[in-house]
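What follows is the content of start37.pdb (PDB, C-alpha atoms, pLDDT in the B column).
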ATOM      1  CA  MET A   1      67.724 171.375  51.531  1.00 57.00           C
ATOM      2  CA  THR A   2      64.797 170.348  53.808  1.00 62.00           C
ATOM      3  CA  VAL A   3      61.294 171.344  52.820  1.00 65.00           C
ATOM      4  CA  PHE A   4      58.735 171.714  55.591  1.00 62.00           C
ATOM      5  CA  ARG A   5      55.051 171.332  54.940  1.00 69.00           C
ATOM      6  CA  ARG A   6      52.334 172.430  57.232  1.00 69.00           C
ATOM      7  CA  ALA A   7      50.194 169.560  58.465  1.00 64.00           C
ATOM      8  CA  PRO A   8      46.447 170.076  58.165  1.00 68.00           C
ATOM      9  CA  ASP A   9      44.715 171.306  61.300  1.00 68.00           C
ATOM     10  CA  ARG A  10      42.895 168.644  63.303  1.00 65.00           C
ATOM     11  CA  PRO A  11      40.312 169.138  65.989  1.00 64.00           C
ATOM     12  CA  PRO A  12      41.685 168.571  69.502  1.00 61.00           C
ATOM     13  CA  VAL A  13      39.206 165.750  70.179  1.00 57.00           C
ATOM     14  CA  ALA A  14      37.945 163.339  67.572  1.00 57.00           C
ATOM     15  CA  PRO A  15      34.137 163.439  67.271  1.00 61.00           C
ATOM     16  CA  GLN A  16      33.872 159.732  68.095  1.00 67.00           C
ATOM     17  CA  GLN A  17      35.648 160.038  71.440  1.00 64.00           C
ATOM     18  CA  PRO A  18      33.325 160.429  74.397  1.00 67.00           C
ATOM     19  CA  THR A  19      34.042 163.293  76.725  1.00 71.00           C
ATOM     20  CA  VAL A  20      35.222 162.467  80.214  1.00 75.00           C
ATOM     21  CA  HIS A  21      33.080 163.606  83.115  1.00 78.00           C
ATOM     22  CA  PRO A  22      33.757 163.192  86.821  1.00 86.00           C
ATOM     23  CA  MET A  23      31.734 160.489  88.505  1.00 87.00           C
ATOM     24  CA  THR A  24      28.858 161.869  90.556  1.00 91.00           C
ATOM     25  CA  TYR A  25      27.934 160.861  94.083  1.00 93.00           C
ATOM     26  CA  TYR A  26      24.811 159.174  92.711  1.00 94.00           C
ATOM     27  CA  GLU A  27      26.862 157.129  90.247  1.00 94.00           C
ATOM     28  CA  GLN A  28      29.165 156.022  93.057  1.00 94.00           C
ATOM     29  CA  LEU A  29      26.174 154.950  95.125  1.00 94.00           C
ATOM     30  CA  ALA A  30      24.746 153.057  92.145  1.00 93.00           C
ATOM     31  CA  GLU A  31      27.997 151.166  91.598  1.00 93.00           C
ATOM     32  CA  ALA A  32      28.014 150.275  95.295  1.00 93.00           C
ATOM     33  CA  GLY A  33      24.439 149.002  94.951  1.00 90.00           C
ATOM     34  CA  ALA A  34      23.052 151.557  97.403  1.00 93.00           C
ATOM     35  CA  LEU A  35      21.488 154.295  95.267  1.00 93.00           C
ATOM     36  CA  TYR A  36      17.914 153.007  95.185  1.00 92.00           C
ATOM     37  CA  ASP A  37      17.863 152.530  98.957  1.00 93.00           C
ATOM     38  CA  PHE A  38      19.386 155.990  99.416  1.00 95.00           C
ATOM     39  CA  LEU A  39      16.678 157.548  97.247  1.00 94.00           C
ATOM     40  CA  GLN A  40      13.909 155.697  99.066  1.00 93.00           C
ATOM     41  CA  THR A  41      15.106 156.588 102.557  1.00 95.00           C
ATOM     42  CA  ASN A  42      16.665 160.059 102.154  1.00 95.00           C
ATOM     43  CA  MET A  43      14.901 161.595  99.156  1.00 93.00           C
ATOM     44  CA  PRO A  44      11.494 159.926  98.736  1.00 94.00           C
ATOM     45  CA  ASP A  45       9.582 163.177  98.150  1.00 95.00           C
ATOM     46  CA  ARG A  46      11.949 164.486  95.499  1.00 95.00           C
ATOM     47  CA  PHE A  47      12.230 161.087  93.812  1.00 92.00           C
ATOM     48  CA  SER A  48       8.451 160.749  93.548  1.00 90.00           C
ATOM     49  CA  SER A  49       7.524 164.360  92.690  1.00 94.00           C
ATOM     50  CA  ASP A  50      10.416 165.708  90.552  1.00 93.00           C
ATOM     51  CA  ARG A  51      10.028 163.993  87.177  1.00 89.00           C
ATOM     52  CA  GLU A  52      13.367 165.146  85.741  1.00 93.00           C
ATOM     53  CA  PHE A  53      15.302 164.070  88.837  1.00 95.00           C
ATOM     54  CA  ARG A  54      13.492 160.723  88.837  1.00 91.00           C
ATOM     55  CA  ARG A  55      14.356 160.160  85.160  1.00 90.00           C
ATOM     56  CA  GLN A  56      18.005 161.009  85.810  1.00 93.00           C
ATOM     57  CA  MET A  57      18.222 158.672  88.806  1.00 93.00           C
ATOM     58  CA  LEU A  58      16.599 155.782  86.953  1.00 92.00           C
ATOM     59  CA  ASP A  59      19.057 156.360  84.115  1.00 91.00           C
ATOM     60  CA  VAL A  60      21.981 156.281  86.560  1.00 93.00           C
ATOM     61  CA  LEU A  61      20.604 153.106  88.113  1.00 92.00           C
ATOM     62  CA  LEU A  62      20.344 151.445  84.714  1.00 90.00           C
ATOM     63  CA  ARG A  63      23.799 152.502  83.525  1.00 90.00           C
ATOM     64  CA  ARG A  64      25.840 152.167  86.710  1.00 91.00           C
ATOM     65  CA  SER A  65      24.227 149.625  89.015  1.00 89.00           C
ATOM     66  CA  THR A  66      26.121 146.360  89.293  1.00 85.00           C
ATOM     67  CA  ILE A  67      23.057 144.468  90.512  1.00 86.00           C
ATOM     68  CA  VAL A  68      19.641 143.914  88.971  1.00 85.00           C
ATOM     69  CA  LEU A  69      17.016 145.857  90.857  1.00 87.00           C
ATOM     70  CA  PRO A  70      13.483 144.501  90.337  1.00 90.00           C
ATOM     71  CA  GLU A  71      12.104 147.685  91.903  1.00 87.00           C
ATOM     72  CA  VAL A  72      13.736 149.819  89.193  1.00 87.00           C
ATOM     73  CA  GLU A  73      12.484 147.513  86.454  1.00 90.00           C
ATOM     74  CA  HIS A  74       8.984 147.703  87.967  1.00 91.00           C
ATOM     75  CA  GLU A  75       9.116 151.508  88.092  1.00 86.00           C
ATOM     76  CA  LEU A  76      10.292 151.718  84.492  1.00 88.00           C
ATOM     77  CA  LEU A  77       7.561 149.331  83.350  1.00 92.00           C
ATOM     78  CA  CYS A  78       4.954 151.420  85.213  1.00 91.00           C
ATOM     79  CA  ASP A  79       6.254 154.551  83.465  1.00 88.00           C
ATOM     80  CA  LEU A  80       6.119 152.767  80.118  1.00 93.00           C
ATOM     81  CA  SER A  81       2.599 151.543  80.805  1.00 96.00           C
ATOM     82  CA  SER A  82       1.479 155.066  81.680  1.00 94.00           C
ATOM     83  CA  ALA A  83       3.069 156.514  78.547  1.00 94.00           C
ATOM     84  CA  LEU A  84       1.465 153.861  76.344  1.00 96.00           C
ATOM     85  CA  SER A  85      -1.907 154.463  77.982  1.00 96.00           C
ATOM     86  CA  GLN A  86      -1.673 158.185  77.239  1.00 95.00           C
ATOM     87  CA  PHE A  87      -0.615 157.424  73.671  1.00 95.00           C
ATOM     88  CA  LEU A  88      -3.527 155.049  73.119  1.00 96.00           C
ATOM     89  CA  THR A  89      -5.963 157.589  74.567  1.00 95.00           C
ATOM     90  CA  ALA A  90      -4.641 160.280  72.206  1.00 94.00           C
ATOM     91  CA  VAL A  91      -4.863 157.930  69.206  1.00 93.00           C
ATOM     92  CA  GLU A  92      -8.419 156.963  70.151  1.00 93.00           C
ATOM     93  CA  ARG A  93      -9.432 160.640  70.397  1.00 92.00           C
ATOM     94  CA  CYS A  94      -7.851 161.353  67.013  1.00 90.00           C
ATOM     95  CA  HIS A  95      -9.573 158.344  65.490  1.00 87.00           C
ATOM     96  CA  ASN A  96     -12.936 159.425  66.932  1.00 87.00           C
ATOM     97  CA  LYS A  97     -12.510 162.933  65.500  1.00 84.00           C
ATOM     98  CA  GLN A  98     -11.739 161.517  62.048  1.00 82.00           C
ATOM     99  CA  SER A  99     -14.735 159.158  62.132  1.00 79.00           C
ATOM    100  CA  GLU A 100     -17.048 162.048  63.117  1.00 77.00           C
ATOM    101  CA  SER A 101     -15.873 164.183  60.185  1.00 68.00           C
ATOM    102  CA  PRO A 102     -17.840 163.775  56.915  1.00 61.00           C
TER     103      PRO A 102
END
Can you turn what I pasted into structure tokens?
Amino acid sequence: MTVFRRAPDRPPVAPQQPTVHPMTYYEQLAEAGALYDFLQTNMPDRFSSDREFRRQMLDVLLRRSTIVLPEVEHELLCDLSSALSQFLTAVERCHNKQSESP
């Protein structure tokens, strides 16, 4: 006589597997090496004023671009410099407050 045992339930997707997303138009442009030029010519206002959009596009350029873009590296270094400057200013203010306290 055959004995059947119920196999333990497993999740449909293992936690380590990345989910699959369709490739966006911006990712396609980045792989073709044309995204940065597209942003500079067709969307300069949004790219410069919308911080979230800018961050997303720089991320796409870093992940998907097949060529090294010195302009993107320069923009990222400028952002890093600005962030570090703000950090140092905040630390200096905090340090000054602590030195003023008895």
(message) Between atom CA of A:Glu100 and atom CA of A:Phe87, what distance in Å does the model show, to one decimal?
(response) 20.1 Å
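One finds atom CA of A:Ser85 at 20.6 Å from atom CA of A:Leu58.
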(request) Kindly indicate which residue among A:Tyr36, A:Asp50, A:Thr19, A:Asn42 lies nearest to A:Ile67, using all atoms listed in the file for the distances. (result) A:Tyr36
(request) List the residues matched by the PyMOL selection byres ((chain A and resi 26) around 10) in the displayed structure as an MDAnalysis selection string, ordered by chain and then by residue number. (result) chainID A and resid 23:25 27:32 34:36 38:39 56:57 60:61 64
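Note that the spacing between atom CA of A:Arg54 and atom CA of A:Pro22 amounts to 20.5 Å.
Considering the residues A:Arg55, A:Phe47, A:Gln40, A:Val20 and counting only C-alpha atoms, A:Asp79 has its shortest atom-to-atom contact with A:Arg55.
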(message) as a PyMOL selection string, please: the residues near A:Leu76 (cut-off 10 Å, only C-alpha atoms, same-chain neighbours under 4 positions excluded).
(response) chain A and resi 55+58-59+70-72+80-82
Can you fill out stretch 61-82 of chain A with N, CA and C atoms and hand it back as a PDB file, in the frame of the given file?
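Saved the output as selection31.pdb:
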ATOM      1  N   LEU A  61      20.761 154.473  87.612  1.00 92.00           N
ATOM      2  CA  LEU A  61      20.604 153.106  88.113  1.00 92.00           C
ATOM      3  C   LEU A  61      20.755 152.082  86.999  1.00 92.00           C
ATOM      4  N   LEU A  62      20.220 152.384  85.837  1.00 90.00           N
ATOM      5  CA  LEU A  62      20.344 151.445  84.714  1.00 90.00           C
ATOM      6  C   LEU A  62      21.771 151.346  84.196  1.00 90.00           C
ATOM      7  N   ARG A  63      22.449 152.494  84.098  1.00 90.00           N
ATOM      8  CA  ARG A  63      23.799 152.502  83.525  1.00 90.00           C
ATOM      9  C   ARG A  63      24.860 152.023  84.507  1.00 90.00           C
ATOM     10  N   ARG A  64      24.737 152.368  85.773  1.00 91.00           N
ATOM     11  CA  ARG A  64      25.840 152.167  86.710  1.00 91.00           C
ATOM     12  C   ARG A  64      25.656 151.047  87.725  1.00 91.00           C
ATOM     13  N   SER A  65      24.437 150.616  87.969  1.00 89.00           N
ATOM     14  CA  SER A  65      24.227 149.625  89.015  1.00 89.00           C
ATOM     15  C   SER A  65      24.829 148.285  88.613  1.00 89.00           C
ATOM     16  N   THR A  66      25.488 147.653  89.556  1.00 85.00           N
ATOM     17  CA  THR A  66      26.121 146.360  89.293  1.00 85.00           C
ATOM     18  C   THR A  66      25.178 145.206  89.595  1.00 85.00           C
ATOM     19  N   ILE A  67      24.034 145.502  90.200  1.00 86.00           N
ATOM     20  CA  ILE A  67      23.057 144.468  90.512  1.00 86.00           C
ATOM     21  C   ILE A  67      21.744 144.775  89.802  1.00 86.00           C
ATOM     22  N   VAL A  68      20.953 143.739  89.588  1.00 85.00           N
ATOM     23  CA  VAL A  68      19.641 143.914  88.971  1.00 85.00           C
ATOM     24  C   VAL A  68      18.668 144.292  90.075  1.00 85.00           C
ATOM     25  N   LEU A  69      17.970 145.388  89.869  1.00 87.00           N
ATOM     26  CA  LEU A  69      17.016 145.857  90.857  1.00 87.00           C
ATOM     27  C   LEU A  69      15.598 145.683  90.314  1.00 87.00           C
ATOM     28  N   PRO A  70      14.850 144.695  90.815  1.00 90.00           N
ATOM     29  CA  PRO A  70      13.483 144.501  90.337  1.00 90.00           C
ATOM     30  C   PRO A  70      12.602 145.730  90.563  1.00 90.00           C
ATOM     31  N   GLU A  71      12.891 146.482  91.624  1.00 87.00           N
ATOM     32  CA  GLU A  71      12.104 147.685  91.903  1.00 87.00           C
ATOM     33  C   GLU A  71      12.248 148.706  90.775  1.00 87.00           C
ATOM     34  N   VAL A  72      13.483 148.869  90.279  1.00 87.00           N
ATOM     35  CA  VAL A  72      13.736 149.819  89.193  1.00 87.00           C
ATOM     36  C   VAL A  72      13.048 149.339  87.923  1.00 87.00           C
ATOM     37  N   GLU A  73      13.156 148.056  87.634  1.00 90.00           N
ATOM     38  CA  GLU A  73      12.484 147.513  86.454  1.00 90.00           C
ATOM     39  C   GLU A  73      10.978 147.720  86.565  1.00 90.00           C
ATOM     40  N   HIS A  74      10.419 147.509  87.752  1.00 91.00           N
ATOM     41  CA  HIS A  74       8.984 147.703  87.967  1.00 91.00           C
ATOM     42  C   HIS A  74       8.603 149.167  87.741  1.00 91.00           C
ATOM     43  N   GLU A  75       9.402 150.085  88.267  1.00 86.00           N
ATOM     44  CA  GLU A  75       9.116 151.508  88.092  1.00 86.00           C
ATOM     45  C   GLU A  75       9.186 151.906  86.622  1.00 86.00           C
ATOM     46  N   LEU A  76      10.171 151.400  85.916  1.00 88.00           N
ATOM     47  CA  LEU A  76      10.292 151.718  84.492  1.00 88.00           C
ATOM     48  C   LEU A  76       9.127 151.134  83.690  1.00 88.00           C
ATOM     49  N   LEU A  77       8.707 149.932  84.031  1.00 92.00           N
ATOM     50  CA  LEU A  77       7.561 149.331  83.350  1.00 92.00           C
ATOM     51  C   LEU A  77       6.273 150.096  83.651  1.00 92.00           C
ATOM     52  N   CYS A  78       6.127 150.597  84.875  1.00 91.00           N
ATOM     53  CA  CYS A  78       4.954 151.420  85.213  1.00 91.00           C
ATOM     54  C   CYS A  78       4.970 152.714  84.405  1.00 91.00           C
ATOM     55  N   ASP A  79       6.139 153.336  84.275  1.00 88.00           N
ATOM     56  CA  ASP A  79       6.254 154.551  83.465  1.00 88.00           C
ATOM     57  C   ASP A  79       5.916 154.266  82.003  1.00 88.00           C
ATOM     58  N   LEU A  80       6.410 153.152  81.496  1.00 93.00           N
ATOM     59  CA  LEU A  80       6.119 152.767  80.118  1.00 93.00           C
ATOM     60  C   LEU A  80       4.632 152.502  79.928  1.00 93.00           C
ATOM     61  N   SER A  81       4.026 151.822  80.873  1.00 96.00           N
ATOM     62  CA  SER A  81       2.599 151.543  80.805  1.00 96.00           C
ATOM     63  C   SER A  81       1.789 152.833  80.794  1.00 96.00           C
ATOM     64  N   SER A  82       2.167 153.775  81.627  1.00 94.00           N
ATOM     65  CA  SER A  82       1.479 155.066  81.680  1.00 94.00           C
ATOM     66  C   SER A  82       1.626 155.822  80.359  1.00 94.00           C
TER      67      SER A  82
END
